[in-house]
Amino acid sequence: EFHICNDTIPVSCQAYFSCMLDSLSFEPNTYQFFDQSTGSINSWYWDFGDGSFSMEPNPLHQYADSGLYEVCLTVASVNNPVQCNDTYCQVLTTPQYHNLGGLIFAGDYPLNNPVNQSDTAAVHLYRLFQGQLWFMGSRHFQENGYYWFADILEGDYLIKVGLTENSGNYPNFMPTYFGDQVSWDAAQLISLHGDQFENEVHLVPVAELTLGPG
């Protein structure tokens with residue numbers, strides 16, 4: 001007398017994910033989410049904690065405001081011989097973003113201030129990240145000699161300022177880094193951990209440069 005057993009072990013799935021902040025762009029609070037769940041999964045449901053949702057495996061999401069958000073991923077195996085589902089949540093804390101700006105001096109006075117000389121400055125922003133300088137982007141400024149960048153992630157930055165070719169003073173000043181240097185390795189880093197509006201750049205006159213190997 002005996003029994004023949006044909007037990008089926010359910011295929012389990014376990015939800016898990018990681019996320020990475022996009023720290024090298026002008027898009028604040030933008031995250032790339034990565035599904036790292038295990039099991040035979042063919043359904044994803046993301047709740048980003050701000051009223052937004054996604055059914056993509058690895059979605060990209062931008063939060064409108066900084067804050068705390070509970071992000072939940074629910075994975076499932078739908079229409080497979082053995083169905084399963086699981087949910088994993090974690091709290092995401094967005095970083096701080098600040099404003100960065102200052103005056104651009106061409107000689108003794110700020111650019112186009114007090115007299116408008118039709119000069120336009122191209123200001124380039126670089127971020128020091130993992131030991132390397134990364135180009136973040138550029139802005140053009142001409143009003144009152146003032147430049148600014150809004151909603152910049154806290155961290156260390158370099159600023160480079162140069163006049164555009166159609167500027168009247170273009171032949172008279174070298175492209176200059178913050179710290180009033182013409183070479184990036186001598187430039188002064190800006191450590192941004194709050195709004196800063198007084199990071200002045202004094203364009204270096206061409207006449208002050210000495211001859212030497214390029």
# chains A, B, ... in the order shown; residues from 1 in each chain; ligands from 1
$ residues_around --residues "Trp44 in chain A" --least-positions-apart "3" --cutoff "8 Å" --atoms "only C-alpha atoms" --output "list in words"
Ile41, Ser54, Met55, Glu56, Pro57, Leu73, Thr74, Val75 and Ala76 of chain A
$ write_last_selection --atoms "all heavy atoms" --output "PDB file, in the first residue's frame"
ATOM      1  N   ILE A  41       9.625  36.804 -14.403  1.00  0.00           N
ATOM      2  CA  ILE A  41       8.781  37.995 -14.261  1.00  0.00           C
ATOM      3  C   ILE A  41       8.458  38.572 -15.629  1.00  0.00           C
ATOM      4  O   ILE A  41       9.328  38.685 -16.495  1.00  0.00           O
ATOM      5  CB  ILE A  41       9.503  39.055 -13.398  1.00  0.00           C
ATOM      6  CG1 ILE A  41       9.757  38.494 -11.991  1.00  0.00           C
ATOM      7  CG2 ILE A  41       8.712  40.347 -13.326  1.00  0.00           C
ATOM      8  CD1 ILE A  41      10.714  39.315 -11.176  1.00  0.00           C
ATOM      9  N   SER A  54       4.498  53.707 -13.330  1.00  0.00           N
ATOM     10  CA  SER A  54       5.080  53.217 -14.573  1.00  0.00           C
ATOM     11  C   SER A  54       4.975  51.699 -14.601  1.00  0.00           C
ATOM     12  O   SER A  54       4.984  51.040 -13.554  1.00  0.00           O
ATOM     13  CB  SER A  54       6.547  53.646 -14.702  1.00  0.00           C
ATOM     14  OG  SER A  54       7.134  53.074 -15.866  1.00  0.00           O
ATOM     15  N   MET A  55       4.890  51.158 -15.819  1.00  0.00           N
ATOM     16  CA  MET A  55       4.870  49.702 -16.010  1.00  0.00           C
ATOM     17  C   MET A  55       6.066  49.255 -16.830  1.00  0.00           C
ATOM     18  O   MET A  55       6.074  48.138 -17.361  1.00  0.00           O
ATOM     19  CB  MET A  55       3.548  49.280 -16.664  1.00  0.00           C
ATOM     20  CG  MET A  55       2.321  49.645 -15.835  1.00  0.00           C
ATOM     21  SD  MET A  55       0.754  49.073 -16.551  1.00  0.00           S
ATOM     22  CE  MET A  55       0.929  47.302 -16.327  1.00  0.00           C
ATOM     23  N   GLU A  56       7.080  50.108 -16.944  1.00  0.00           N
ATOM     24  CA  GLU A  56       8.310  49.749 -17.641  1.00  0.00           C
ATOM     25  C   GLU A  56       9.240  48.986 -16.696  1.00  0.00           C
ATOM     26  O   GLU A  56       9.224  49.207 -15.481  1.00  0.00           O
ATOM     27  CB  GLU A  56       9.014  50.993 -18.166  1.00  0.00           C
ATOM     28  CG  GLU A  56       8.204  51.788 -19.166  1.00  0.00           C
ATOM     29  CD  GLU A  56       8.952  53.013 -19.644  1.00  0.00           C
ATOM     30  OE1 GLU A  56      10.153  53.146 -19.308  1.00  0.00           O
ATOM     31  OE2 GLU A  56       8.346  53.843 -20.349  1.00  0.00           O
ATOM     32  N   PRO A  57      10.093  48.122 -17.224  1.00  0.00           N
ATOM     33  CA  PRO A  57      11.019  47.392 -16.351  1.00  0.00           C
ATOM     34  C   PRO A  57      12.041  48.314 -15.680  1.00  0.00           C
ATOM     35  O   PRO A  57      12.354  48.146 -14.498  1.00  0.00           O
ATOM     36  CB  PRO A  57      11.701  46.402 -17.296  1.00  0.00           C
ATOM     37  CG  PRO A  57      10.778  46.293 -18.478  1.00  0.00           C
ATOM     38  CD  PRO A  57      10.129  47.623 -18.609  1.00  0.00           C
ATOM     39  N   LEU A  73       7.998  48.784  -5.934  1.00  0.00           N
ATOM     40  CA  LEU A  73       7.963  47.991  -7.170  1.00  0.00           C
ATOM     41  C   LEU A  73       7.221  46.692  -6.888  1.00  0.00           C
ATOM     42  O   LEU A  73       7.588  45.942  -5.969  1.00  0.00           O
ATOM     43  CB  LEU A  73       9.379  47.690  -7.656  1.00  0.00           C
ATOM     44  CG  LEU A  73       9.493  46.650  -8.779  1.00  0.00           C
ATOM     45  CD1 LEU A  73       8.784  47.129 -10.042  1.00  0.00           C
ATOM     46  CD2 LEU A  73      10.954  46.317  -9.066  1.00  0.00           C
ATOM     47  N   THR A  74       6.189  46.429  -7.679  1.00  0.00           N
ATOM     48  CA  THR A  74       5.461  45.159  -7.614  1.00  0.00           C
ATOM     49  C   THR A  74       5.720  44.389  -8.894  1.00  0.00           C
ATOM     50  O   THR A  74       5.481  44.896  -9.989  1.00  0.00           O
ATOM     51  CB  THR A  74       3.950  45.396  -7.447  1.00  0.00           C
ATOM     52  OG1 THR A  74       3.716  46.105  -6.226  1.00  0.00           O
ATOM     53  CG2 THR A  74       3.200  44.073  -7.404  1.00  0.00           C
ATOM     54  N   VAL A  75       6.259  43.188  -8.755  1.00  0.00           N
ATOM     55  CA  VAL A  75       6.536  42.336  -9.903  1.00  0.00           C
ATOM     56  C   VAL A  75       5.617  41.123  -9.849  1.00  0.00           C
ATOM     57  O   VAL A  75       5.164  40.711  -8.781  1.00  0.00           O
ATOM     58  CB  VAL A  75       8.016  41.889  -9.937  1.00  0.00           C
ATOM     59  CG1 VAL A  75       8.928  43.093 -10.100  1.00  0.00           C
ATOM     60  CG2 VAL A  75       8.377  41.110  -8.682  1.00  0.00           C
ATOM     61  N   ALA A  76       5.347  40.564 -11.025  1.00  0.00           N
ATOM     62  CA  ALA A  76       4.445  39.411 -11.090  1.00  0.00           C
ATOM     63  C   ALA A  76       4.799  38.561 -12.295  1.00  0.00           C
ATOM     64  O   ALA A  76       5.438  39.018 -13.252  1.00  0.00           O
ATOM     65  CB  ALA A  76       2.982  39.865 -11.163  1.00  0.00           C
TER      66      ALA A  76
END
$ residues_around --residues "Tyr63 in chain A" --least-positions-apart "2" --cutoff "7 Å" --atoms "only C-alpha atoms" --output "PyMOL selection string"
chain A and resi 29-30+61+65
$ write_last_selection --atoms "C-alpha atoms" --output "compact mmCIF listing (two decimals), in the first residue's frame"
# COMPACT_ATOMS: atom_id res chain seq x y z
CA ASN A 29 15.66 65.11 -9.12
CA THR A 30 15.83 62.78 -12.13
CA HIS A 61 11.44 59.45 -13.50
CA ASP A 65 9.97 68.78 -5.86
$ residues_around --residues "range 145-153 of chain A" --least-positions-apart "3" --cutoff "6 Å" --atoms "only C-alpha atoms" --output "PyMOL selection string"
chain A and resi 97-104+110-112+141-142
$ write_last_selection --atoms "N, CA, C and O atoms" --output "compact mmCIF listing (two decimals), in the first residue's frame"
# COMPACT_ATOMS: atom_id res chain seq x y z
N TYR A 97 19.45 71.08 -4.05
CA TYR A 97 19.83 71.84 -5.24
C TYR A 97 19.90 73.32 -4.88
O TYR A 97 19.11 73.81 -4.06
N HIS A 98 20.85 74.02 -5.52
CA HIS A 98 21.09 75.42 -5.16
C HIS A 98 21.28 76.26 -6.42
O HIS A 98 21.39 75.73 -7.53
N ASN A 99 21.34 77.57 -6.21
CA ASN A 99 21.57 78.52 -7.29
C ASN A 99 23.00 79.05 -7.22
O ASN A 99 23.55 79.27 -6.14
N LEU A 100 23.58 79.25 -8.41
CA LEU A 100 24.98 79.67 -8.51
C LEU A 100 25.07 80.84 -9.47
O LEU A 100 24.50 80.79 -10.57
N GLY A 101 25.78 81.90 -9.06
CA GLY A 101 25.91 83.05 -9.94
C GLY A 101 26.99 84.00 -9.49
O GLY A 101 27.63 83.81 -8.44
N GLY A 102 27.21 85.05 -10.29
CA GLY A 102 28.21 86.06 -9.95
C GLY A 102 28.39 87.03 -11.10
O GLY A 102 27.85 86.85 -12.20
N LEU A 103 29.19 88.06 -10.86
CA LEU A 103 29.47 89.08 -11.87
C LEU A 103 30.64 88.66 -12.75
O LEU A 103 31.58 88.01 -12.30
N ILE A 104 30.57 89.08 -14.02
CA ILE A 104 31.67 88.88 -14.98
C ILE A 104 32.28 90.25 -15.24
O ILE A 104 31.61 91.16 -15.74
N PRO A 110 31.85 95.46 -14.60
CA PRO A 110 31.14 94.26 -15.07
C PRO A 110 30.78 94.37 -16.54
O PRO A 110 30.67 95.46 -17.09
N LEU A 111 30.59 93.23 -17.15
CA LEU A 111 30.26 93.16 -18.58
C LEU A 111 29.01 93.98 -18.87
O LEU A 111 27.98 93.82 -18.21
N ASN A 112 29.13 94.92 -19.86
CA ASN A 112 28.00 95.76 -20.29
C ASN A 112 27.42 96.62 -19.17
O ASN A 112 26.26 97.01 -19.22
N PHE A 141 25.15 84.99 -21.42
CA PHE A 141 24.69 86.10 -20.60
C PHE A 141 25.21 87.41 -21.16
O PHE A 141 26.35 87.48 -21.63
N GLN A 142 24.42 88.46 -21.04
CA GLN A 142 24.86 89.77 -21.49
C GLN A 142 24.25 90.92 -20.67
O GLN A 142 24.72 92.04 -20.74
$ closest_residue --among "A:Tyr69, A:Phe34, A:Tyr126, A:Phe173" --to "Gly51 in chain A" --atoms "only C-alpha atoms"
A:Tyr69
$ atom_distance --atom1 "CA of Leu92 in chain A" --atom2 "CA of Gly131 in chain A"
25.4 Å
$ closest_residue --among "A:Thr210, A:Asn42, A:Ser23, A:Gln117" --to "Trp134 in chain A" --atoms "only C-alpha atoms"
A:Ser23
$ residues_around --residues "Thr38 in chain A" --least-positions-apart "6" --cutoff "8 Å" --atoms "only C-alpha atoms" --output "number ranges by chain"
A: 13-16
$ write_last_selection --atoms "C-alpha atoms" --output "mmCIF file, in the first residue's frame"
data_model
loop_
_atom_site.group_PDB
_atom_site.id
_atom_site.type_symbol
_atom_site.label_atom_id
_atom_site.label_comp_id
_atom_site.auth_asym_id
_atom_site.auth_seq_id
_atom_site.Cartn_x
_atom_site.Cartn_y
_atom_site.Cartn_z
ATOM 1 C CA CYS A 13 9.626 35.749 -7.565
ATOM 2 C CA GLN A 14 11.229 38.358 -5.342
ATOM 3 C CA ALA A 15 11.001 42.080 -6.037
ATOM 4 C CA TYR A 16 14.019 44.331 -5.665
#
$ closest_residue --among "A:Pro175, A:Glu154, A:Thr93, A:Leu203" --to "Ser191 in chain A" --atoms "only C-alpha atoms"
A:Glu154
$ atom_distance --atom1 "CA of Gly194 in chain A" --atom2 "CA of Ala121 in chain A"
24.4 Å
$ select_by_dssp --residues "range 14-99 of chain A" --states "strand (DSSP E or B)" --output "PyMOL selection string"
chain A and resi 14+17-21+30-35+38+43-47+53-54+60-62+68-77+84-93+97-99
$ write_last_selection --atoms "C-alpha atoms" --output "compact mmCIF listing (two decimals), in the first residue's frame"
# COMPACT_ATOMS: atom_id res chain seq x y z
CA GLN A 14 11.23 38.36 -5.34
CA PHE A 17 15.38 47.44 -7.37
CA SER A 18 18.12 50.03 -7.27
CA CYS A 19 18.16 53.61 -8.50
CA MET A 20 20.71 56.17 -9.61
CA LEU A 21 20.46 59.95 -9.56
CA THR A 30 15.83 62.78 -12.13
CA TYR A 31 16.35 59.09 -11.29
CA GLN A 32 16.99 55.99 -13.35
CA PHE A 33 15.40 52.94 -11.73
CA PHE A 34 16.75 49.44 -12.32
CA ASP A 35 14.72 46.27 -11.76
CA THR A 38 14.53 37.49 -9.38
CA SER A 43 4.92 42.35 -15.24
CA TRP A 44 6.22 45.47 -13.44
CA TYR A 45 4.32 48.16 -11.58
CA TRP A 46 6.21 51.13 -10.15
CA ASP A 47 4.73 53.56 -7.62
CA PHE A 53 3.34 55.27 -11.90
CA SER A 54 5.08 53.22 -14.57
CA LEU A 60 13.29 57.08 -15.81
CA HIS A 61 11.44 59.45 -13.50
CA GLN A 62 11.82 63.10 -12.49
CA LEU A 68 11.10 62.06 0.82
CA TYR A 69 9.34 59.52 -1.40
CA GLU A 70 8.47 55.87 -0.77
CA VAL A 71 9.06 54.02 -4.03
CA CYS A 72 7.45 50.58 -4.44
CA LEU A 73 7.96 47.99 -7.17
CA THR A 74 5.46 45.16 -7.61
CA VAL A 75 6.54 42.34 -9.90
CA ALA A 76 4.45 39.41 -11.09
CA SER A 77 4.47 36.39 -13.32
CA CYS A 84 3.63 34.69 -8.38
CA ASN A 85 3.89 38.30 -7.25
CA ASP A 86 5.92 40.31 -4.78
CA THR A 87 6.38 43.94 -3.69
CA TYR A 88 9.49 45.76 -2.50
CA CYS A 89 9.59 49.36 -1.18
CA GLN A 90 12.31 51.76 -0.15
CA VAL A 91 12.37 55.41 0.89
CA LEU A 92 14.18 57.77 -1.46
CA THR A 93 15.59 61.08 -0.17
CA TYR A 97 19.83 71.84 -5.24
CA HIS A 98 21.09 75.42 -5.16
CA ASN A 99 21.57 78.52 -7.29
$ closest_residue --among "A:Glu165, A:Leu192, A:Ala186, A:Asp156" --to "Gln132 in chain A" --atoms "only C-alpha atoms"
A:Asp156
$ closest_residue --among "A:Ile190, A:Leu24, A:Ala106, A:Val204" --to "Leu158 in chain A" --atoms "only C-alpha atoms"
A:Ile190
$ closest_residue --among "A:Ile159, A:Asn169, A:Thr94, A:Glu27" --to "Gln181 in chain A" --atoms "only C-alpha atoms"
A:Ile159
